[in-house]
$ cat input_13.tsv   # TSV, C-alpha atoms
chain	number	residue	atom	x	y	z
U	1	MET	CA	0.00	0.00	0.00
U	2	SER	CA	1.29	3.47	-0.79
U	3	SER	CA	2.28	5.56	2.23
U	4	ASN	CA	0.02	8.28	0.78
U	5	THR	CA	-3.14	6.23	1.29
U	6	ARG	CA	-5.17	4.85	4.17
U	7	ALA	CA	-6.72	1.43	4.25
U	8	ASP	CA	-10.03	3.01	3.14
U	9	GLY	CA	-8.66	5.24	0.39
U	10	PRO	CA	-6.48	8.29	-0.33
U	11	LEU	CA	-5.66	10.82	2.37
U	12	ARG	CA	-7.86	13.92	2.59
U	13	LYS	CA	-6.28	17.04	1.11
U	14	ASP	CA	-5.55	18.57	4.51
U	15	ALA	CA	-4.07	15.30	5.77
U	16	GLN	CA	-1.92	14.98	2.64
U	17	ARG	CA	-0.77	18.56	3.05
U	18	ASN	CA	0.26	17.90	6.66
U	19	ARG	CA	2.07	14.77	5.65
U	20	ASP	CA	3.97	16.61	2.91
U	21	LEU	CA	4.89	19.40	5.34
U	22	LEU	CA	6.21	16.89	7.86
U	23	VAL	CA	8.28	15.01	5.29
U	24	ALA	CA	9.77	18.26	3.96
U	25	ALA	CA	10.59	19.50	7.48
U	26	ALA	CA	12.11	16.15	8.44
U	27	ARG	CA	14.23	16.11	5.28
U	28	GLU	CA	15.65	19.54	6.12
U	29	ILE	CA	16.30	18.80	9.79
U	30	TYR	CA	17.77	15.35	9.15
U	31	ALA	CA	20.16	16.83	6.58
U	32	GLU	CA	21.25	19.47	9.10
U	33	ARG	CA	21.30	17.49	12.35
U	34	GLY	CA	20.95	13.78	11.64
U	35	VAL	CA	18.11	11.34	12.18
U	36	ASP	CA	18.26	11.60	15.98
U	37	ALA	CA	16.82	15.11	15.84
U	38	PRO	CA	13.78	15.46	18.16
U	39	LEU	CA	10.44	14.77	16.49
U	40	ASP	CA	9.01	17.78	18.31
U	41	ASP	CA	11.39	20.01	16.33
U	42	ILE	CA	10.19	18.47	13.08
U	43	ALA	CA	6.54	19.08	13.97
U	44	ARG	CA	7.36	22.66	14.95
U	45	ARG	CA	9.15	23.40	11.66
U	46	ALA	CA	6.29	21.82	9.71
U	47	GLY	CA	3.83	24.03	11.56
U	48	VAL	CA	1.70	21.17	12.85
U	49	GLY	CA	1.03	19.68	16.26
U	50	ASN	CA	2.82	16.67	17.71
U	51	ALA	CA	-0.40	14.68	17.58
U	52	THR	CA	-0.56	15.21	13.82
U	53	LEU	CA	2.99	13.96	13.42
U	54	TYR	CA	2.35	10.79	15.41
U	55	ARG	CA	-0.93	10.18	13.58
U	56	ARG	CA	0.81	10.33	10.23
U	57	PHE	CA	4.04	8.63	11.39
U	58	PRO	CA	3.55	6.48	14.51
U	59	THR	CA	7.27	5.57	14.68
U	60	ARG	CA	10.52	7.33	13.91
U	61	GLY	CA	11.26	4.58	11.41
U	62	ALA	CA	8.06	5.35	9.49
U	63	LEU	CA	9.10	8.98	9.08
U	64	ILE	CA	12.63	8.02	8.05
U	65	GLU	CA	11.17	5.63	5.47
U	66	ALA	CA	9.04	8.44	4.03
U	67	VAL	CA	11.99	10.81	3.82
U	68	PHE	CA	14.69	8.49	2.53
U	69	GLY	CA	12.88	5.53	0.95
U	70	GLU	CA	13.12	6.74	-2.64
U	71	GLY	CA	16.78	7.66	-2.31
U	72	LEU	CA	17.61	4.31	-0.73
U	73	THR	CA	15.88	2.51	-3.57
U	74	HIS	CA	17.90	4.54	-6.07
U	75	THR	CA	21.12	3.58	-4.28
U	76	LEU	CA	20.08	-0.05	-4.55
U	77	ARG	CA	19.68	0.41	-8.30
U	78	ARG	CA	23.17	1.92	-8.48
U	79	GLY	CA	24.42	-1.21	-6.78
U	80	GLU	CA	22.79	-3.28	-9.50
U	81	GLU	CA	24.53	-1.17	-12.14
U	82	ALA	CA	27.86	-1.70	-10.38
U	83	ARG	CA	27.32	-5.45	-10.39
U	84	ASP	CA	26.81	-5.34	-14.17
U	85	ALA	CA	30.07	-3.48	-14.85
U	86	ASP	CA	32.56	-5.38	-17.01
U	87	ASP	CA	35.42	-3.99	-14.92
U	88	ALA	CA	34.66	-4.96	-11.34
U	89	TRP	CA	37.13	-2.49	-9.85
U	90	ALA	CA	35.60	0.42	-11.78
U	91	GLY	CA	32.13	-0.75	-10.79
U	92	LEU	CA	33.05	-0.88	-7.10
U	93	ALA	CA	34.87	2.47	-7.10
U	94	GLY	CA	32.03	4.24	-8.91
U	95	TYR	CA	29.43	2.75	-6.60
U	96	LEU	CA	31.31	3.84	-3.47
U	97	GLU	CA	31.88	7.33	-4.90
U	98	TYR	CA	28.13	7.63	-5.38
U	99	ILE	CA	27.39	6.51	-1.82
U	100	PHE	CA	29.93	8.87	-0.28
U	101	GLU	CA	28.66	11.82	-2.29
U	102	GLY	CA	25.34	11.22	-0.52
U	103	LEU	CA	27.00	10.89	2.88
U	104	ALA	CA	28.81	14.18	2.38
U	105	ALA	CA	25.69	16.05	1.26
U	106	ASP	CA	23.24	14.88	3.93
U	107	ARG	CA	23.98	14.14	7.58
U	108	GLY	CA	20.78	12.10	7.82
U	109	ALA	CA	21.88	9.86	4.96
U	110	ASN	CA	25.20	9.44	6.72
U	111	ASP	CA	23.43	8.29	9.88
U	112	LEU	CA	21.42	5.76	7.90
U	113	MET	CA	24.49	4.13	6.37
U	114	THR	CA	26.74	4.19	9.43
U	115	THR	CA	24.38	3.34	12.29
U	116	SER	CA	21.66	0.80	13.00
U	117	ILE	CA	18.08	2.12	12.73
U	118	PRO	CA	15.13	-0.28	13.12
U	119	ASP	CA	11.80	-0.26	11.30
U	120	VAL	CA	13.01	1.15	7.97
U	121	PRO	CA	12.26	-1.57	5.36
U	122	SER	CA	14.03	0.12	2.44
U	123	LEU	CA	17.15	0.64	4.58
U	124	ASN	CA	17.20	-3.00	5.63
U	125	ALA	CA	16.85	-4.05	2.00
U	126	LEU	CA	19.64	-1.71	0.92
U	127	LYS	CA	22.08	-2.87	3.61
U	128	THR	CA	21.55	-6.49	2.62
U	129	HIS	CA	21.98	-5.63	-1.05
U	130	HIS	CA	25.01	-3.45	-0.29
U	131	HIS	CA	26.78	-6.29	1.50
U	132	GLU	CA	26.03	-8.66	-1.38
U	133	THR	CA	27.24	-6.09	-3.91
U	134	VAL	CA	30.53	-5.53	-2.11
U	135	CYS	CA	31.13	-9.29	-1.76
U	136	LEU	CA	30.40	-9.89	-5.44
U	137	LEU	CA	32.60	-7.05	-6.70
U	138	ILE	CA	35.50	-7.98	-4.42
U	139	ARG	CA	35.40	-11.54	-5.68
U	140	ARG	CA	35.21	-10.46	-9.32
U	141	ALA	CA	37.96	-7.84	-8.90
U	142	GLN	CA	40.23	-10.50	-7.39
U	143	GLU	CA	39.45	-12.85	-10.27
U	144	GLN	CA	40.32	-10.05	-12.70
U	145	GLY	CA	43.58	-9.35	-10.88
U	146	SER	CA	42.79	-5.76	-9.90
U	147	MET	CA	42.38	-6.35	-6.14
U	148	ARG	CA	44.76	-8.02	-3.73
U	149	ASP	CA	43.62	-11.55	-2.99
U	150	ASP	CA	43.76	-11.33	0.81
U	151	VAL	CA	40.92	-8.79	1.10
U	152	VAL	CA	37.52	-9.86	2.44
U	153	ALA	CA	34.26	-7.92	2.46
U	154	GLU	CA	34.53	-7.18	6.18
U	155	ASP	CA	37.85	-5.40	5.61
U	156	LEU	CA	36.25	-2.96	3.22
U	157	LEU	CA	32.95	-2.55	5.07
U	158	PHE	CA	34.72	-1.79	8.37
U	159	ALA	CA	36.97	0.80	6.75
U	160	LEU	CA	34.06	2.39	4.89
U	161	ALA	CA	32.02	2.69	8.10
U	162	ALA	CA	34.93	4.38	9.88
U	163	LEU	CA	35.48	6.79	6.99
U	164	GLY	CA	31.77	7.48	6.69
U	165	ARG	CA	31.50	8.58	10.32
U	166	VAL	CA	34.04	11.39	9.87
U	167	VAL	CA	32.68	12.69	6.55
U	168	PRO	CA	30.18	15.16	8.13
U	169	ALA	CA	33.00	16.70	10.17
U	170	SER	CA	35.48	16.95	7.30
U	171	VAL	CA	33.05	18.55	4.84
U	172	THR	CA	32.71	21.56	7.14
U	173	VAL	CA	36.38	22.45	6.59
U	174	ALA	CA	37.31	20.70	3.33
U	175	PRO	CA	34.30	19.54	1.27
U	176	ARG	CA	36.32	17.31	-1.05
U	177	ALA	CA	38.63	15.71	1.52
U	178	TRP	CA	36.57	12.51	1.65
U	179	ARG	CA	37.44	11.86	-2.00
U	180	ARG	CA	41.13	11.78	-1.19
U	181	HIS	CA	40.68	9.40	1.72
U	182	LEU	CA	38.28	7.12	-0.12
U	183	HIS	CA	40.86	6.79	-2.89
U	184	LEU	CA	43.64	6.21	-0.36
U	185	LEU	CA	41.53	3.45	1.12
U	186	LEU	CA	40.82	1.87	-2.25
U	187	ASP	CA	44.44	2.18	-3.39
U	188	GLY	CA	45.41	0.14	-0.36
U	189	LEU	CA	43.33	-2.70	-1.79
U	190	ARG	CA	44.79	-2.56	-5.30
U	191	ALA	CA	46.96	-5.27	-6.74
U	192	PRO	CA	48.66	-2.96	-9.31
U	193	ALA	CA	50.21	0.46	-8.66
U	194	ALA	CA	48.17	3.20	-7.02
U	195	THR	CA	46.60	6.07	-8.95
U	196	THR	CA	46.90	9.82	-8.53
U	197	LEU	CA	44.82	11.05	-5.61
U	198	PRO	CA	41.94	13.36	-6.64
U	199	ALA	CA	42.15	15.92	-3.81
U	200	PRO	CA	44.87	17.50	-1.66
U	201	PRO	CA	45.45	16.47	1.95
U	202	LEU	CA	43.95	18.39	4.86
U	203	THR	CA	46.05	21.20	6.25
U	204	PRO	CA	46.87	21.03	9.98
U	205	ASP	CA	44.23	23.66	10.72
U	206	GLU	CA	41.62	21.80	8.65
U	207	LEU	CA	42.38	18.56	10.45
U	208	THR	CA	42.06	20.28	13.83
U	209	GLY	CA	38.75	21.82	12.77
U	210	ALA	CA	37.39	18.50	11.54
U	211	LEU	CA	38.33	16.72	14.76
U	212	ARG	CA	36.77	19.47	16.85
U	213	ALA	CA	33.56	19.25	14.84
U	214	LEU	CA	33.51	15.47	15.27
U	215	ALA	CA	34.07	15.81	19.02
U	216	GLY	CA	31.17	18.22	19.21
U	217	ARG	CA	28.90	15.82	17.39
U	218	ASP	CA	29.89	12.91	19.62
U	219	ALA	CA	29.15	15.05	22.67
U	220	GLU	CA	25.67	15.78	21.30
U	221	ASP	CA	25.08	12.08	20.70

$ encode --input "input_13.tsv" --output "structure tokens"
Amino acid sequence: MSSNTRADGPLRKDAQRNRDLLVAAAREIYAERGVDAPLDDIARRAGVGNATLYRRFPTRGALIEAVFGEGLTHTLRRGEEARDADDAWAGLAGYLEYIFEGLAADRGANDLMTTSIPDVPSLNALKTHHHETVCLLIRRAQEQGSMRDDVVAEDLLFALAALGRVVPASVTVAPRAWRRHLHLLLDGLRAPAATTLPAPPLTPDELTGALRALAGRDAED
């Protein structure tokens, strides 16, 4: 059933309007502050009461699904495209670039990919598919001779999760820094020689600023 309908038919116009306002407000706040932002703040920005929010979205997971479901489904499709690539290394690198572009642009998306959030069906489906995609592409890249043969999926997934958690902090001082570090990570998995890195390293001041921002976020959490 579509999330825009009730069991007995489409939402009334005023109910649909409230739902749209809540989803738009949640999208803005999640991008700014992450998916742990208080639901009361979302209702306030949408200009509706808390009761309206809980009537439309009885759980936090239901609201997250409404905000991110379409984007998560699109990411799943990008994973399918990566699986179909003739060059497994290029498919994997392009797929991870796409994911990290999303993590850098939206703090809420970063939370989804780097933490565990229950009751979000499209997220659960994506994480399963993501793990399968990484396993498949690692195996194919090793068969093609482009990836070192001692790498396992857990190596890459652990490193990606660690890198993903610092992306929101680094983009505040150096928006493209994550590209350099993603490529450093991937180059460490290569069988042949490494490639030219696509972005300069952080300056000492930028690194200090990123770590301070990360410490502030951890304190909020």

$ closest_residue --input "input_13.tsv" --among "U:Leu63, U:Ala93, U:Ala159, U:Ile99" --to "Val35 in chain U" --atoms "all atoms listed in the file"
U:Leu63

$ atom_distance --input "input_13.tsv" --atom1 "CA of Pro200 in chain U" --atom2 "CA of Val167 in chain U"
15.5 Å

$ closest_residue --input "input_13.tsv" --among "U:Asn124, U:Asn110, U:Thr115, U:Thr133" --to "Gly79 in chain U" --atoms "all atoms listed in the file"
U:Thr133

$ atom_distance --input "input_13.tsv" --atom1 "CA of Gly61 in chain U" --atom2 "CA of Ser116 in chain U"
11.2 Å

$ closest_residue --input "input_13.tsv" --among "U:Arg33, U:Arg148, U:Arg27, U:Arg78" --to "Ala66 in chain U" --atoms "only C-alpha atoms"
U:Arg27

$ build_atoms --input "input_13.tsv" --residues "range 141-157 of chain U" --atoms "N, CA, C and O atoms" --output "mmCIF file, in the coordinates of the input"
data_model
loop_
_atom_site.group_PDB
_atom_site.id
_atom_site.type_symbol
_atom_site.label_atom_id
_atom_site.label_comp_id
_atom_site.auth_asym_id
_atom_site.auth_seq_id
_atom_site.Cartn_x
_atom_site.Cartn_y
_atom_site.Cartn_z
ATOM 1 N N ALA U 141 36.738 -8.630 -8.738
ATOM 2 C CA ALA U 141 37.960 -7.840 -8.900
ATOM 3 C C ALA U 141 39.196 -8.705 -8.631
ATOM 4 O O ALA U 141 40.233 -8.570 -9.306
ATOM 5 N N GLN U 142 39.103 -9.592 -7.668
ATOM 6 C CA GLN U 142 40.230 -10.500 -7.390
ATOM 7 C C GLN U 142 40.437 -11.475 -8.546
ATOM 8 O O GLN U 142 41.571 -11.754 -8.935
ATOM 9 N N GLU U 143 39.343 -11.954 -9.115
ATOM 10 C CA GLU U 143 39.450 -12.850 -10.270
ATOM 11 C C GLU U 143 40.067 -12.136 -11.470
ATOM 12 O O GLU U 143 40.799 -12.742 -12.260
ATOM 13 N N GLN U 144 39.778 -10.825 -11.588
ATOM 14 C CA GLN U 144 40.320 -10.050 -12.700
ATOM 15 C C GLN U 144 41.720 -9.532 -12.434
ATOM 16 O O GLN U 144 42.346 -8.928 -13.307
ATOM 17 N N GLY U 145 42.216 -9.734 -11.213
ATOM 18 C CA GLY U 145 43.580 -9.350 -10.880
ATOM 19 C C GLY U 145 43.758 -7.896 -10.486
ATOM 20 O O GLY U 145 44.899 -7.422 -10.382
ATOM 21 N N SER U 146 42.673 -7.175 -10.246
ATOM 22 C CA SER U 146 42.790 -5.760 -9.900
ATOM 23 C C SER U 146 42.783 -5.509 -8.400
ATOM 24 O O SER U 146 43.135 -4.411 -7.952
ATOM 25 N N MET U 147 42.406 -6.501 -7.595
ATOM 26 C CA MET U 147 42.380 -6.350 -6.140
ATOM 27 C C MET U 147 43.227 -7.428 -5.492
ATOM 28 O O MET U 147 43.235 -8.576 -5.953
ATOM 29 N N ARG U 148 43.923 -7.050 -4.432
ATOM 30 C CA ARG U 148 44.760 -8.020 -3.730
ATOM 31 C C ARG U 148 43.881 -9.172 -3.230
ATOM 32 O O ARG U 148 42.726 -8.965 -2.837
ATOM 33 N N ASP U 149 44.443 -10.364 -3.222
ATOM 34 C CA ASP U 149 43.620 -11.550 -2.990
ATOM 35 C C ASP U 149 43.401 -11.880 -1.520
ATOM 36 O O ASP U 149 42.710 -12.844 -1.194
ATOM 37 N N ASP U 150 43.962 -11.052 -0.614
ATOM 38 C CA ASP U 150 43.760 -11.330 0.810
ATOM 39 C C ASP U 150 42.679 -10.433 1.431
ATOM 40 O O ASP U 150 42.474 -10.443 2.641
ATOM 41 N N VAL U 151 41.971 -9.680 0.609
ATOM 42 C CA VAL U 151 40.920 -8.790 1.100
ATOM 43 C C VAL U 151 39.601 -9.554 1.199
ATOM 44 O O VAL U 151 39.246 -10.336 0.323
ATOM 45 N N VAL U 152 38.861 -9.316 2.283
ATOM 46 C CA VAL U 152 37.520 -9.860 2.440
ATOM 47 C C VAL U 152 36.548 -8.694 2.592
ATOM 48 O O VAL U 152 36.938 -7.551 2.866
ATOM 49 N N ALA U 153 35.270 -8.978 2.423
ATOM 50 C CA ALA U 153 34.260 -7.920 2.460
ATOM 51 C C ALA U 153 34.300 -7.149 3.773
ATOM 52 O O ALA U 153 34.139 -5.923 3.798
ATOM 53 N N GLU U 154 34.522 -7.847 4.882
ATOM 54 C CA GLU U 154 34.530 -7.180 6.180
ATOM 55 C C GLU U 154 35.648 -6.140 6.281
ATOM 56 O O GLU U 154 35.494 -5.128 6.973
ATOM 57 N N ASP U 155 36.779 -6.398 5.618
ATOM 58 C CA ASP U 155 37.850 -5.400 5.610
ATOM 59 C C ASP U 155 37.338 -4.080 5.046
ATOM 60 O O ASP U 155 37.523 -3.015 5.644
ATOM 61 N N LEU U 156 36.704 -4.166 3.897
ATOM 62 C CA LEU U 156 36.250 -2.960 3.220
ATOM 63 C C LEU U 156 35.083 -2.313 3.954
ATOM 64 O O LEU U 156 35.047 -1.090 4.135
ATOM 65 N N LEU U 157 34.122 -3.107 4.403
ATOM 66 C CA LEU U 157 32.950 -2.550 5.070
ATOM 67 C C LEU U 157 33.330 -1.847 6.374
ATOM 68 O O LEU U 157 32.770 -0.790 6.709
#
